[in-house]
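J.: Dumping the structure here so I can ask a few things about it.
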Amino acid sequence: MKILVFGKKGRLQKYTPDPSVYEGYEIAYVSPGDPVEDAIAVGKDADFILADAMAKVPAELIEQMPNLKLIHSEGVGFQGFDIEAARKRHIYVCNCKGMNAVAVAEQAILLMLGLLRDIRGGDRKLREGKQIQTKESYMLAGNLRELGDGSIGLVGFGDITKAAARMANVFGAKVYYYDVFRAKPEVEEAYQATYLPLDELLAVSDFVSLHLPVTKDTTGMANADFFAKMKQGAYLINTARGELVDDEALIAALRSGKLAGAGLDTISNEPVQPDHPLLAAGPEVNEKILFSCHIGGITGSSFRRGYEMVWSDIKKVEAGEKPDHVVNPW
């Protein structure tokens with residue numbers, strides 16, 4: 001059996017719970033951005049594809065791999081996989097749903113706390129030798145807040161959002177959520193989350209945290225109209241995908257003071273270049289943004305959970321069984 005891996009060497013070996021699991025498999029590697037011809041050259045005869053969540057697995061490749069039985073995302077995302085082309089050939093496409101829910105939820109809460117306590121500004125001021133002056137200015141202004149003082153609006157209500165709701169409850173924050181499909185009353189009670197239509201959620205939430213996949217309907221959804229509906233002085237949190245946010249609209253909302261700040265683990269057009277609009281917007285805007293390097297879901301624990309799912313699904317397909325984490329049922 002052969003596995004074609006779209007990603008860097010080392011992760012498969014590092015995070016597979018039992019290294020003996022992959023003994024006996026031939027493993028070929030290509031980089032996610034390599035041409036299809038390169039993938040065909042080294043992996044045309046592969047039985048399985050294991051791909052970075054941001055990689056592209058197009059129909060052109062799928063149609064030229066006669067032995068292919070399973071395409072598995074290394075993470076939760078699979079936007080670049082042609083799931084229809086795989087479905088036509090009865091090739092399973094799977095992801096690691098839930099593997100990073102706790103990790104990404106922690107990152108969202110971290111960004112909220114970082115904004116409330118001005119971690120970025122405080123770090124800089126201390127390095128400038130202005131610790132006491134900065135502390136006294138915070139005390140005089142009274143502008144350092146606790147998470148429990150406000151409300152959090154979660155957009156989407158999947159595994160990550162539910163984990164974030166549990167964490168927010170511990171801090172004493174009021175939790176609202178919006179999703180296309182409202183959860184059952186017992187689920188809302190379990191997570192102490194109150195459903196609101198999106199416009200109402202935007203109007204009352206001190207933090208609006210995005211937890212949605214990128215689709216034609218969600219691309220750029222956080223736009224000028226979205227920000228206009230948000231509470232004055234609220235914060236935007238994005239640990240999902242940068243393409244959900246209209247960058248120019250966010251810059252305008254931050255510059256005008258409509259939003260007090262933004263915590264962004266991901267922004268559009270990654271890998272990010274120095275001339276990205278959010279980085280080039282000037283200090284007036286950048287002082288209000290807390291960035292992180294799209295690290296929310298990449299904890300060691302997340303990868304270990306994910307690779308357990310990957311190997312379980314591979315073994316089931318080898319045995320002629322349906323894998324557990326299918327996203328393209330037929």
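Labeling convention for the structure tokens: chains A, B, ... as they appear, residues from 1 per chain, ligands from 1 in order of appearance.
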At a cut-off of 10 Å, using only C-alpha atoms, what residues contact segment 132-136 of chain A? Leave out same-chain residues fewer than 6 positions from it and give the result as a ChimeraX atom specification.
T.: /A:121-122,125-126,142
J.: Could those selected residues go to a file with N, CA, C and O atoms, as a tab-separated table (two decimals), in the first residue's frame?
T.:
```
chain	number	residue	atom	x	y	z
A	121	GLY	N	0.46	46.32	23.64
A	121	GLY	CA	0.95	47.62	24.09
A	121	GLY	C	1.76	47.53	25.36
A	121	GLY	O	2.79	48.20	25.52
A	122	GLY	N	1.30	46.71	26.30
A	122	GLY	CA	2.00	46.56	27.56
A	122	GLY	C	3.39	45.97	27.40
A	122	GLY	O	4.35	46.41	28.05
A	125	LYS	N	5.60	48.75	25.98
A	125	LYS	CA	5.92	49.80	26.96
A	125	LYS	C	6.94	49.33	27.99
A	125	LYS	O	7.83	50.07	28.39
A	126	LEU	N	6.80	48.08	28.44
A	126	LEU	CA	7.77	47.57	29.40
A	126	LEU	C	9.16	47.52	28.78
A	126	LEU	O	10.15	47.90	29.42
A	142	GLY	N	-8.96	53.18	33.82
A	142	GLY	CA	-9.92	52.13	34.16
A	142	GLY	C	-10.40	51.34	32.95
A	142	GLY	O	-11.53	50.86	32.92
```
J.: As a VMD selection string, list the residues of segment 125-290 of chain A assigned to strand (DSSP E or B) by DSSP on the backbone atoms of this structure.
T.: chain A and resid 151 to 155 174 to 178 193 to 195 207 to 210 222 234 to 238 245 259 to 264 289 to 290
J.: How about saving the chosen residues, N, CA, C and O atoms kept, as a short mmCIF file (atom, residue, chain, number, x, y, z; two decimals), in the first residue's frame?
T.:
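Contents of selection-v3.cif, freshly written:
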```cif
data_model
loop_
_atom_site.label_atom_id
_atom_site.label_comp_id
_atom_site.auth_asym_id
_atom_site.auth_seq_id
_atom_site.Cartn_x
_atom_site.Cartn_y
_atom_site.Cartn_z
N SER A 151 -20.04 40.31 26.84
CA SER A 151 -20.73 39.22 26.14
C SER A 151 -19.93 38.81 24.91
O SER A 151 -19.25 39.63 24.29
N ILE A 152 -20.04 37.55 24.57
CA ILE A 152 -19.33 36.98 23.43
C ILE A 152 -20.35 36.42 22.45
O ILE A 152 -21.20 35.59 22.83
N GLY A 153 -20.25 36.85 21.20
CA GLY A 153 -21.13 36.34 20.15
C GLY A 153 -20.36 35.40 19.24
O GLY A 153 -19.39 35.82 18.59
N LEU A 154 -20.75 34.16 19.20
CA LEU A 154 -20.07 33.13 18.42
C LEU A 154 -20.84 32.90 17.12
O LEU A 154 -22.03 32.56 17.16
N VAL A 155 -20.19 33.09 16.00
CA VAL A 155 -20.84 32.94 14.70
C VAL A 155 -20.47 31.57 14.14
O VAL A 155 -19.32 31.33 13.76
N LYS A 174 -21.36 36.31 29.17
CA LYS A 174 -22.63 35.94 28.55
C LYS A 174 -22.33 35.46 27.14
O LYS A 174 -21.60 36.12 26.38
N VAL A 175 -22.86 34.30 26.77
CA VAL A 175 -22.54 33.70 25.47
C VAL A 175 -23.78 33.66 24.58
O VAL A 175 -24.82 33.12 24.96
N TYR A 176 -23.64 34.25 23.40
CA TYR A 176 -24.66 34.16 22.36
C TYR A 176 -24.06 33.39 21.18
O TYR A 176 -22.84 33.32 21.02
N TYR A 177 -24.94 32.82 20.36
CA TYR A 177 -24.44 32.18 19.15
C TYR A 177 -25.45 32.35 18.03
O TYR A 177 -26.64 32.55 18.26
N TYR A 178 -24.92 32.30 16.81
CA TYR A 178 -25.76 32.26 15.62
C TYR A 178 -25.28 31.12 14.74
O TYR A 178 -24.07 30.92 14.58
N ALA A 193 -25.50 28.72 26.04
CA ALA A 193 -25.40 29.62 24.89
C ALA A 193 -26.80 29.98 24.42
O ALA A 193 -27.64 29.10 24.22
N THR A 194 -27.04 31.26 24.22
CA THR A 194 -28.34 31.76 23.81
C THR A 194 -28.33 32.07 22.32
O THR A 194 -27.46 32.80 21.84
N TYR A 195 -29.29 31.50 21.59
CA TYR A 195 -29.37 31.75 20.16
C TYR A 195 -29.91 33.14 19.88
O TYR A 195 -30.87 33.60 20.51
N PHE A 207 -17.63 40.92 21.96
CA PHE A 207 -16.74 40.20 21.06
C PHE A 207 -17.58 39.44 20.05
O PHE A 207 -18.55 38.77 20.44
N VAL A 208 -17.22 39.53 18.79
CA VAL A 208 -17.83 38.69 17.75
C VAL A 208 -16.73 37.79 17.22
O VAL A 208 -15.73 38.26 16.68
N SER A 209 -16.90 36.49 17.41
CA SER A 209 -15.86 35.51 17.07
C SER A 209 -16.35 34.62 15.94
O SER A 209 -17.41 33.99 16.04
N LEU A 210 -15.58 34.58 14.85
CA LEU A 210 -15.98 33.85 13.65
C LEU A 210 -15.50 32.41 13.69
O LEU A 210 -14.33 32.14 13.93
N ALA A 222 -17.83 39.36 6.78
CA ALA A 222 -17.53 40.43 7.73
C ALA A 222 -17.11 41.66 6.93
O ALA A 222 -15.94 41.96 6.75
N ALA A 234 -16.84 47.32 19.98
CA ALA A 234 -16.70 45.86 20.10
C ALA A 234 -15.40 45.40 19.44
O ALA A 234 -14.67 46.19 18.82
N TYR A 235 -15.13 44.11 19.56
CA TYR A 235 -13.92 43.50 19.00
C TYR A 235 -14.32 42.37 18.06
O TYR A 235 -15.28 41.64 18.30
N LEU A 236 -13.52 42.21 17.00
CA LEU A 236 -13.67 41.07 16.09
C LEU A 236 -12.57 40.06 16.37
O LEU A 236 -11.41 40.43 16.51
N ILE A 237 -12.95 38.78 16.44
CA ILE A 237 -11.99 37.69 16.61
C ILE A 237 -12.15 36.74 15.41
O ILE A 237 -13.26 36.34 15.09
N ASN A 238 -11.04 36.39 14.78
CA ASN A 238 -11.10 35.44 13.67
C ASN A 238 -10.02 34.38 13.82
O ASN A 238 -8.84 34.66 13.64
N VAL A 245 -13.27 37.75 6.06
CA VAL A 245 -13.24 39.17 6.42
C VAL A 245 -12.86 40.02 5.21
O VAL A 245 -11.90 39.72 4.49
N LEU A 259 -14.91 49.78 15.79
CA LEU A 259 -14.37 48.62 16.51
C LEU A 259 -13.20 49.08 17.37
O LEU A 259 -12.37 49.87 16.93
N ALA A 260 -13.14 48.53 18.58
CA ALA A 260 -12.02 48.86 19.47
C ALA A 260 -10.77 48.08 19.10
O ALA A 260 -9.66 48.51 19.39
N GLY A 261 -10.96 46.93 18.46
CA GLY A 261 -9.80 46.12 18.12
C GLY A 261 -10.20 44.85 17.41
O GLY A 261 -11.38 44.54 17.24
N ALA A 262 -9.17 44.10 17.01
CA ALA A 262 -9.39 42.81 16.34
C ALA A 262 -8.27 41.86 16.75
O ALA A 262 -7.11 42.25 16.85
N GLY A 263 -8.63 40.62 16.99
CA GLY A 263 -7.68 39.55 17.27
C GLY A 263 -7.74 38.56 16.13
O GLY A 263 -8.78 37.92 15.92
N LEU A 264 -6.66 38.43 15.37
CA LEU A 264 -6.68 37.67 14.13
C LEU A 264 -5.60 36.60 14.13
O LEU A 264 -4.41 36.89 14.09
N ILE A 289 -4.76 45.88 16.49
CA ILE A 289 -4.84 44.49 16.02
C ILE A 289 -3.82 43.64 16.77
O ILE A 289 -2.66 44.01 16.91
N LEU A 290 -4.29 42.50 17.24
CA LEU A 290 -3.40 41.50 17.84
C LEU A 290 -3.37 40.32 16.88
O LEU A 290 -4.38 39.65 16.67
#
```
J.: I'd like the contact shell of Thr299 of chain A - 9 Å cut-off, only C-alpha atoms, skipping same-chain residues fewer than 5 positions apart - returned as a PyMOL selection string.
T.: chain A and resi 100+103+304
J.: Store the residues picked out above in a file with all heavy atoms, as a PDB file, in the first residue's frame.
T.:
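Full text of out_18.pdb as output:
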```pdb
ATOM      1  N   ASN A 100      -8.987  19.697  16.543  1.00  0.00           N
ATOM      2  CA  ASN A 100      -8.370  20.907  17.083  1.00  0.00           C
ATOM      3  C   ASN A 100      -9.370  21.834  17.769  1.00  0.00           C
ATOM      4  O   ASN A 100      -9.088  23.014  17.977  1.00  0.00           O
ATOM      5  CB  ASN A 100      -7.646  21.671  15.965  1.00  0.00           C
ATOM      6  CG  ASN A 100      -8.582  22.073  14.830  1.00  0.00           C
ATOM      7  OD1 ASN A 100      -9.792  21.889  14.918  1.00  0.00           O
ATOM      8  ND2 ASN A 100      -8.028  22.624  13.768  1.00  0.00           N
ATOM      9  N   ALA A 103      -8.046  23.405  20.978  1.00  0.00           N
ATOM     10  CA  ALA A 103      -6.894  24.264  20.699  1.00  0.00           C
ATOM     11  C   ALA A 103      -7.322  25.590  20.072  1.00  0.00           C
ATOM     12  O   ALA A 103      -6.850  26.665  20.473  1.00  0.00           O
ATOM     13  CB  ALA A 103      -5.916  23.541  19.779  1.00  0.00           C
ATOM     14  N   ARG A 304      -1.844  14.765  17.309  1.00  0.00           N
ATOM     15  CA  ARG A 304      -1.933  13.369  17.756  1.00  0.00           C
ATOM     16  C   ARG A 304      -3.358  12.846  17.626  1.00  0.00           C
ATOM     17  O   ARG A 304      -3.580  11.707  17.170  1.00  0.00           O
ATOM     18  CB  ARG A 304      -1.411  13.242  19.186  1.00  0.00           C
ATOM     19  CG  ARG A 304       0.122  13.255  19.273  1.00  0.00           C
ATOM     20  CD  ARG A 304       0.610  12.957  20.666  1.00  0.00           C
ATOM     21  NE  ARG A 304       0.414  14.083  21.567  1.00  0.00           N
ATOM     22  CZ  ARG A 304       1.275  15.078  21.727  1.00  0.00           C
ATOM     23  NH1 ARG A 304       2.405  15.097  21.042  1.00  0.00           N
ATOM     24  NH2 ARG A 304       1.025  16.061  22.570  1.00  0.00           N
TER      25      ARG A 304
END
```
J.: Could you pull out the alpha helix (DSSP H) residues of segment 29-58 of chain A from DSSP and send them as a PyMOL selection string?
T.: chain A and resi 36-43
J.: Using atom CA of Met230 of chain A and atom CA of Thr161 of chain A as the two end points, give the distance in Å to one decimal.
T.: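 Interatomic distance, atom CA of Met230 of chain A to atom CA of Thr161 of chain A: 19.3 Å.
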J.: Pick out the closest residue to Ile91 of chain A from this set: A:Gly242, A:Pro271, A:Pro66, A:Gly297. Count only C-alpha atoms.
T.: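 The answer is A:Pro66, which sits nearest to Ile91 of chain A.
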J.: Do a neighbour search on Ser312 of chain A at 12 Å with only C-alpha atoms, toss out local chain neighbours closer than 3 positions, and write the hits as an MDAnalysis selection string.
T.: chainID A and resid 16:17 21:22 72 94:96 305:309 315:319 321:325
J.: Choose the residue, out of A:Val30, A:Val76, A:Ala190, A:Ala85, that has the smallest atom-to-atom separation from Ala59 of chain A; count only C-alpha atoms.
T.: A:Ala85
J.: With distances taken over only C-alpha atoms, which of A:Leu68, A:Ala168, A:Met1, A:Ala240 is nearest to Val214 of chain A?
T.: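 Residue with the minimum atom-to-atom distance to Val214 of chain A: A:Ala240.
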J.: Using only C-alpha atoms, which residue out of A:Glu26, A:Arg255, A:Ile298, A:Ile119 lies closest to Gly282 of chain A?
T.: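 Selected residue with least distance to Gly282 of chain A: A:Arg255.
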J.: Between A:Ser137, A:Gln107, A:Asn328, A:Asn169, which residue has the minimum interatomic distance to Thr266 of chain A, considering only C-alpha atoms?
T.: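 Ranking A:Ser137, A:Gln107, A:Asn328, A:Asn169 by distance to Thr266 of chain A, first place goes to A:Gln107.
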J.: Between atom CA of Ala105 of chain A and atom CA of Ala163 of chain A, what is the distance in Å, rounded to a tenth?
T.: 5.9 Å
